[in-house]
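A.B. asks: Provided herewith is a single structure, encoded as structure tokens, for subsequent inquiry.
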Amino acid sequence: MSELSLEQKKAQFDEYFSIAHSINANVRPLGANEKVPDEENLEESMPYAFRIASEMAALEAQAIRPLRNLGDHAETLAEYLNHQSRKIDLMMSFVLHQQDEPEYRFKTVKLGGGGVIIESNDPLEVGTRAELKLFLDAEAAAIFCFGEVITCEQVEDSYHIAFIFNTIREQDQELLVRASLHIQTQQLRKRAKEKKAGSE
């Protein structure tokens, strides 16, 4: 596959829905001799906690699906399983948070299926490749992937650095898209509530 131009990468970043939201992200720029793995080899370089977290999420989805066909009896069972699922989510969230390394920690300004924008005190050169970890607390999930700097803009006293994902698992990209839409729904509900409270 031929290397995309910077303009094509920016267009690809914009193709996906993204939303202004702050989460913890680890950004570890790669050394000159470090290679970005392709999708087939991504799991090999992924910390074990990230691998089991996505396997558990997939198993959970499969377990709840058959209950939809059980009719009335399923409601109580589904409620019980949802509580169990919540406990597992909390445990998984705790495990994943052990992967959050303070020396590489930044806050996102924006996130979506195409990439993330982080806030940093220092600039990063366009083209810099990095290992990324994104911690989605609301989803009790975290994503491990690789990205590349496509823009670095000074905003007041800090820099907004945009990373396009250049190696990410399909299920993680889907999770980010779902999380972005979920965050947007929450923001809209909050605004509607505030508007209603203000008009009363």
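Residues in the structure tokens are numbered from 1 in each chain, the chains being A, B, ... in the order shown, and ligands are numbered from 1 in the order shown.
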At a cut-off of 7 Å, can you tabulate as JSON lines every residue of range 68-173 of chain A near range 18-28 of chain A together with its closest atom pair and the distance in Å to one decimal, using only C-alpha atoms and ordering rows by chain then number?
C.D. replies:
{"residue": "A:Asp100", "atom": "CA", "partner": "A:Asn26", "partner_atom": "CA", "distance": 6.7}
{"residue": "A:Glu101", "atom": "CA", "partner": "A:Asn26", "partner_atom": "CA", "distance": 6.7}
{"residue": "A:Tyr104", "atom": "CA", "partner": "A:Asn26", "partner_atom": "CA", "distance": 4.9}
{"residue": "A:Arg105", "atom": "CA", "partner": "A:Asn26", "partner_atom": "CA", "distance": 4.5}
{"residue": "A:Phe106", "atom": "CA", "partner": "A:Ala25", "partner_atom": "CA", "distance": 5.3}
{"residue": "A:Lys107", "atom": "CA", "partner": "A:Asn24", "partner_atom": "CA", "distance": 4.9}
{"residue": "A:Thr108", "atom": "CA", "partner": "A:Ser22", "partner_atom": "CA", "distance": 4.8}
{"residue": "A:Val109", "atom": "CA", "partner": "A:Ser22", "partner_atom": "CA", "distance": 5.5}
{"residue": "A:Lys110", "atom": "CA", "partner": "A:Ala20", "partner_atom": "CA", "distance": 4.1}
{"residue": "A:Leu111", "atom": "CA", "partner": "A:Ser18", "partner_atom": "CA", "distance": 5.2}
{"residue": "A:Gly112", "atom": "CA", "partner": "A:Ser18", "partner_atom": "CA", "distance": 3.9}
{"residue": "A:Gly113", "atom": "CA", "partner": "A:Ser18", "partner_atom": "CA", "distance": 6.8}
{"residue": "A:Ala130", "atom": "CA", "partner": "A:Arg28", "partner_atom": "CA", "distance": 5.3}
{"residue": "A:Glu131", "atom": "CA", "partner": "A:Arg28", "partner_atom": "CA", "distance": 5.2}
{"residue": "A:Leu132", "atom": "CA", "partner": "A:Val27", "partner_atom": "CA", "distance": 4.9}
{"residue": "A:Lys133", "atom": "CA", "partner": "A:Asn26", "partner_atom": "CA", "distance": 4.9}
{"residue": "A:Leu134", "atom": "CA", "partner": "A:Ala25", "partner_atom": "CA", "distance": 4.6}
{"residue": "A:Phe135", "atom": "CA", "partner": "A:Asn24", "partner_atom": "CA", "distance": 5.6}
{"residue": "A:Leu136", "atom": "CA", "partner": "A:Ile23", "partner_atom": "CA", "distance": 6.7}
A.B. asks: I need the alpha helix (DSSP H) residues of range 30-180 of chain A per DSSP on the backbone, written as number ranges by chain.
C.D. replies: A: 39-45, 48-64, 74-97, 170-180
A.B. asks: Write down as a PyMOL selection string the residues belonging to range 105-198 of chain A that are assigned strand (DSSP E or B) by DSSP computed on the backbone.
C.D. replies: chain A and resi 105-112+115-120+129-136+141-155+158-167
A.B. asks: Between CA of Ser180 in chain A and CA of Phe17 in chain A, what distance in Å does the model show, to one decimal?
C.D. replies: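 Interatomic distance, CA of Ser180 in chain A to CA of Phe17 in chain A: 7.5 Å.
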A.B. asks: Skipping near chain neighbours, those fewer than 3 positions away, what residues fall within 12 Å of Ser54 in chain A using only C-alpha atoms, listed as an mmCIF file with N, CA, C and O atoms, in the first residue's frame?
C.D. replies:
data_model
loop_
_atom_site.group_PDB
_atom_site.id
_atom_site.type_symbol
_atom_site.label_atom_id
_atom_site.label_comp_id
_atom_site.auth_asym_id
_atom_site.auth_seq_id
_atom_site.Cartn_x
_atom_site.Cartn_y
_atom_site.Cartn_z
ATOM 1 N N GLU A 43 -1.804 -7.287 17.923
ATOM 2 C CA GLU A 43 -2.111 -7.942 19.203
ATOM 3 C C GLU A 43 -0.859 -8.437 19.910
ATOM 4 O O GLU A 43 -0.811 -8.483 21.139
ATOM 5 N N MET A 46 0.504 -5.709 21.948
ATOM 6 C CA MET A 46 -0.498 -5.152 22.856
ATOM 7 C C MET A 46 -0.328 -5.711 24.271
ATOM 8 O O MET A 46 -0.166 -6.924 24.432
ATOM 9 N N PRO A 47 -0.336 -4.852 25.312
ATOM 10 C CA PRO A 47 -0.276 -5.388 26.676
ATOM 11 C C PRO A 47 -1.439 -6.359 26.918
ATOM 12 O O PRO A 47 -2.539 -6.161 26.402
ATOM 13 N N TYR A 48 -1.180 -7.394 27.702
ATOM 14 C CA TYR A 48 -2.155 -8.475 27.923
ATOM 15 C C TYR A 48 -3.512 -7.956 28.400
ATOM 16 O O TYR A 48 -4.562 -8.432 27.959
ATOM 17 N N ALA A 49 -3.499 -6.942 29.276
ATOM 18 C CA ALA A 49 -4.759 -6.403 29.824
ATOM 19 C C ALA A 49 -5.698 -5.920 28.717
ATOM 20 O O ALA A 49 -6.914 -6.091 28.800
ATOM 21 N N PHE A 50 -5.133 -5.323 27.658
ATOM 22 C CA PHE A 50 -5.958 -4.819 26.557
ATOM 23 C C PHE A 50 -6.572 -5.970 25.762
ATOM 24 O O PHE A 50 -7.690 -5.893 25.295
ATOM 25 N N ARG A 51 -5.789 -7.051 25.620
ATOM 26 C CA ARG A 51 -6.286 -8.217 24.872
ATOM 27 C C ARG A 51 -7.446 -8.880 25.598
ATOM 28 O O ARG A 51 -8.477 -9.173 25.004
ATOM 29 N N ALA A 57 -15.343 -8.318 26.537
ATOM 30 C CA ALA A 57 -16.460 -7.529 25.993
ATOM 31 C C ALA A 57 -17.213 -8.324 24.924
ATOM 32 O O ALA A 57 -18.441 -8.321 24.867
ATOM 33 N N ALA A 58 -16.466 -9.028 24.069
ATOM 34 C CA ALA A 58 -17.085 -9.833 23.009
ATOM 35 C C ALA A 58 -17.886 -10.986 23.610
ATOM 36 O O ALA A 58 -19.014 -11.261 23.181
ATOM 37 N N LEU A 59 -17.331 -11.666 24.635
ATOM 38 C CA LEU A 59 -18.025 -12.778 25.291
ATOM 39 C C LEU A 59 -19.317 -12.311 25.950
ATOM 40 O O LEU A 59 -20.346 -12.971 25.896
ATOM 41 N N GLU A 60 -19.233 -11.124 26.568
ATOM 42 C CA GLU A 60 -20.397 -10.557 27.256
ATOM 43 C C GLU A 60 -21.537 -10.298 26.263
ATOM 44 O O GLU A 60 -22.691 -10.634 26.513
ATOM 45 N N ALA A 61 -21.195 -9.715 25.109
ATOM 46 C CA ALA A 61 -22.206 -9.424 24.085
ATOM 47 C C ALA A 61 -22.853 -10.720 23.594
ATOM 48 O O ALA A 61 -24.068 -10.797 23.409
ATOM 49 N N ASP A 89 -17.083 -5.131 34.553
ATOM 50 C CA ASP A 89 -16.640 -3.863 33.948
ATOM 51 C C ASP A 89 -15.794 -3.051 34.934
ATOM 52 O O ASP A 89 -14.763 -2.492 34.568
ATOM 53 N N MET A 92 -12.482 -4.719 35.354
ATOM 54 C CA MET A 92 -11.681 -4.540 34.144
ATOM 55 C C MET A 92 -11.145 -3.115 34.043
ATOM 56 O O MET A 92 -10.004 -2.885 33.655
ATOM 57 N N SER A 93 -11.989 -2.171 34.437
ATOM 58 C CA SER A 93 -11.600 -0.762 34.435
ATOM 59 C C SER A 93 -10.407 -0.552 35.366
ATOM 60 O O SER A 93 -9.445 0.134 35.032
ATOM 61 N N LEU A 96 -7.297 -2.072 33.734
ATOM 62 C CA LEU A 96 -6.816 -1.241 32.627
ATOM 63 C C LEU A 96 -6.146 0.039 33.127
ATOM 64 O O LEU A 96 -5.203 0.527 32.528
ATOM 65 N N GLU A 139 -17.049 3.674 29.249
ATOM 66 C CA GLU A 139 -17.283 2.371 28.622
ATOM 67 C C GLU A 139 -16.546 1.259 29.371
ATOM 68 O O GLU A 139 -16.599 0.104 28.950
ATOM 69 N N ALA A 140 -15.862 1.593 30.469
ATOM 70 C CA ALA A 140 -15.000 0.641 31.198
ATOM 71 C C ALA A 140 -14.100 -0.084 30.205
ATOM 72 O O ALA A 140 -13.986 -1.298 30.191
ATOM 73 N N ALA A 141 -13.494 0.694 29.316
ATOM 74 C CA ALA A 141 -12.671 0.111 28.250
ATOM 75 C C ALA A 141 -11.437 0.976 28.024
ATOM 76 O O ALA A 141 -11.371 2.135 28.453
ATOM 77 N N ALA A 142 -10.468 0.382 27.345
ATOM 78 C CA ALA A 142 -9.268 1.123 26.948
ATOM 79 C C ALA A 142 -8.812 0.581 25.604
ATOM 80 O O ALA A 142 -9.071 -0.580 25.278
ATOM 81 N N ILE A 143 -8.160 1.423 24.845
ATOM 82 C CA ILE A 143 -7.748 1.053 23.485
ATOM 83 C C ILE A 143 -6.251 1.244 23.349
ATOM 84 O O ILE A 143 -5.702 2.278 23.774
ATOM 85 N N PHE A 144 -5.615 0.253 22.753
ATOM 86 C CA PHE A 144 -4.176 0.305 22.483
ATOM 87 C C PHE A 144 -4.021 0.325 20.968
ATOM 88 O O PHE A 144 -4.556 -0.536 20.270
ATOM 89 N N ARG A 169 -7.219 -1.922 15.814
ATOM 90 C CA ARG A 169 -8.100 -3.045 15.498
ATOM 91 C C ARG A 169 -9.495 -2.520 15.136
ATOM 92 O O ARG A 169 -9.944 -1.512 15.697
ATOM 93 N N GLU A 170 -10.140 -3.210 14.215
ATOM 94 C CA GLU A 170 -11.466 -2.791 13.746
ATOM 95 C C GLU A 170 -12.453 -2.658 14.907
ATOM 96 O O GLU A 170 -13.192 -1.675 14.997
ATOM 97 N N GLN A 171 -12.430 -3.648 15.841
ATOM 98 C CA GLN A 171 -13.395 -3.592 16.958
ATOM 99 C C GLN A 171 -13.125 -2.405 17.879
ATOM 100 O O GLN A 171 -14.046 -1.841 18.466
ATOM 101 N N ASP A 172 -11.844 -1.983 17.975
ATOM 102 C CA ASP A 172 -11.512 -0.822 18.811
ATOM 103 C C ASP A 172 -11.962 0.478 18.143
ATOM 104 O O ASP A 172 -12.405 1.408 18.805
ATOM 105 N N GLN A 173 -11.833 0.520 16.818
ATOM 106 C CA GLN A 173 -12.288 1.701 16.075
ATOM 107 C C GLN A 173 -13.812 1.833 16.211
ATOM 108 O O GLN A 173 -14.336 2.923 16.439
ATOM 109 N N GLU A 174 -14.515 0.691 16.117
ATOM 110 C CA GLU A 174 -15.974 0.695 16.292
ATOM 111 C C GLU A 174 -16.352 1.142 17.698
ATOM 112 O O GLU A 174 -17.305 1.897 17.887
ATOM 113 N N LEU A 175 -15.579 0.676 18.687
ATOM 114 C CA LEU A 175 -15.827 1.068 20.079
ATOM 115 C C LEU A 175 -15.685 2.582 20.239
ATOM 116 O O LEU A 175 -16.499 3.229 20.908
#
A.B. asks: A:Met56, A:Ala32, A:Ile150, A:Cys145: which is nearest Phe163 in chain A, counting only C-alpha atoms?
C.D. replies: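 For Phe163 in chain A, the nearest of the candidates is A:Ile150.
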A.B. asks: Please report the interatomic distance between CA of Val36 in chain A and CA of Leu6 in chain A in Å with one decimal.
C.D. replies: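 Computed distance, CA of Val36 in chain A to CA of Leu6 in chain A, equals 17.6 Å.
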A.B. asks: Env of Ile164 in chain A: 6 Å cut, atoms = only C-alpha atoms, seq-sep filter 5 positions within chain, self excluded. Answer as a list in words.
C.D. replies: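 Surrounding residues, per the criterion: Phe13, Gly114, Gly115, Gly147 and Glu148 of chain A.
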A.B. asks: Generate a file of the selected residues that holds all heavy atoms, formatted as a CSV table (one decimal), in the first residue's frame.
C.D. replies:
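again_16.csv, freshly written:
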chain,number,residue,atom,x,y,z
A,13,PHE,N,-8.8,11.6,8.6
A,13,PHE,CA,-9.1,11.9,10.0
A,13,PHE,C,-10.5,12.5,10.1
A,13,PHE,O,-11.3,12.2,11.0
A,13,PHE,CB,-8.1,12.9,10.5
A,13,PHE,CG,-8.2,13.3,12.0
A,13,PHE,CD1,-7.5,12.7,13.0
A,13,PHE,CD2,-9.1,14.3,12.4
A,13,PHE,CE1,-7.6,13.0,14.3
A,13,PHE,CE2,-9.2,14.7,13.7
A,13,PHE,CZ,-8.5,14.1,14.7
A,114,GLY,N,-11.4,8.3,13.8
A,114,GLY,CA,-10.3,8.5,12.9
A,114,GLY,C,-9.0,8.9,13.6
A,114,GLY,O,-7.9,8.7,13.0
A,115,GLY,N,-9.1,9.3,14.8
A,115,GLY,CA,-8.0,9.7,15.6
A,115,GLY,C,-8.3,10.5,16.8
A,115,GLY,O,-9.5,10.6,17.2
A,147,GLY,N,-0.5,5.7,16.3
A,147,GLY,CA,-0.9,6.9,15.6
A,147,GLY,C,0.2,7.7,15.0
A,147,GLY,O,1.4,7.4,15.4
A,148,GLU,N,-0.1,8.7,14.3
A,148,GLU,CA,0.9,9.5,13.6
A,148,GLU,C,0.4,11.0,13.7
A,148,GLU,O,-0.8,11.3,13.4
A,148,GLU,CB,1.1,9.1,12.2
A,148,GLU,CG,2.1,9.9,11.4
A,148,GLU,CD,2.1,9.5,9.9
A,148,GLU,OE1,1.8,8.4,9.6
A,148,GLU,OE2,2.4,10.4,9.1
A.B. asks: Do you have the CA of Leu30 in chain A-CA of Asn166 in chain A distance handy?
C.D. replies: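 These two atoms are separated by 13.3 Å.
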A.B. asks: Taking only C-alpha atoms into account, name the residue in A:Glu125, A:Asp137, A:Glu194, A:Asp157 that is nearest to Met91 in chain A.
C.D. replies: A:Asp137
A.B. asks: For Val126 in chain A, work out the shell of residues within 7 Å, counting only C-alpha atoms and skipping chain neighbours fewer than 4 positions away, then give it as a list in words.
C.D. replies: Val149, Ile150, Thr151 and Cys152 of chain A
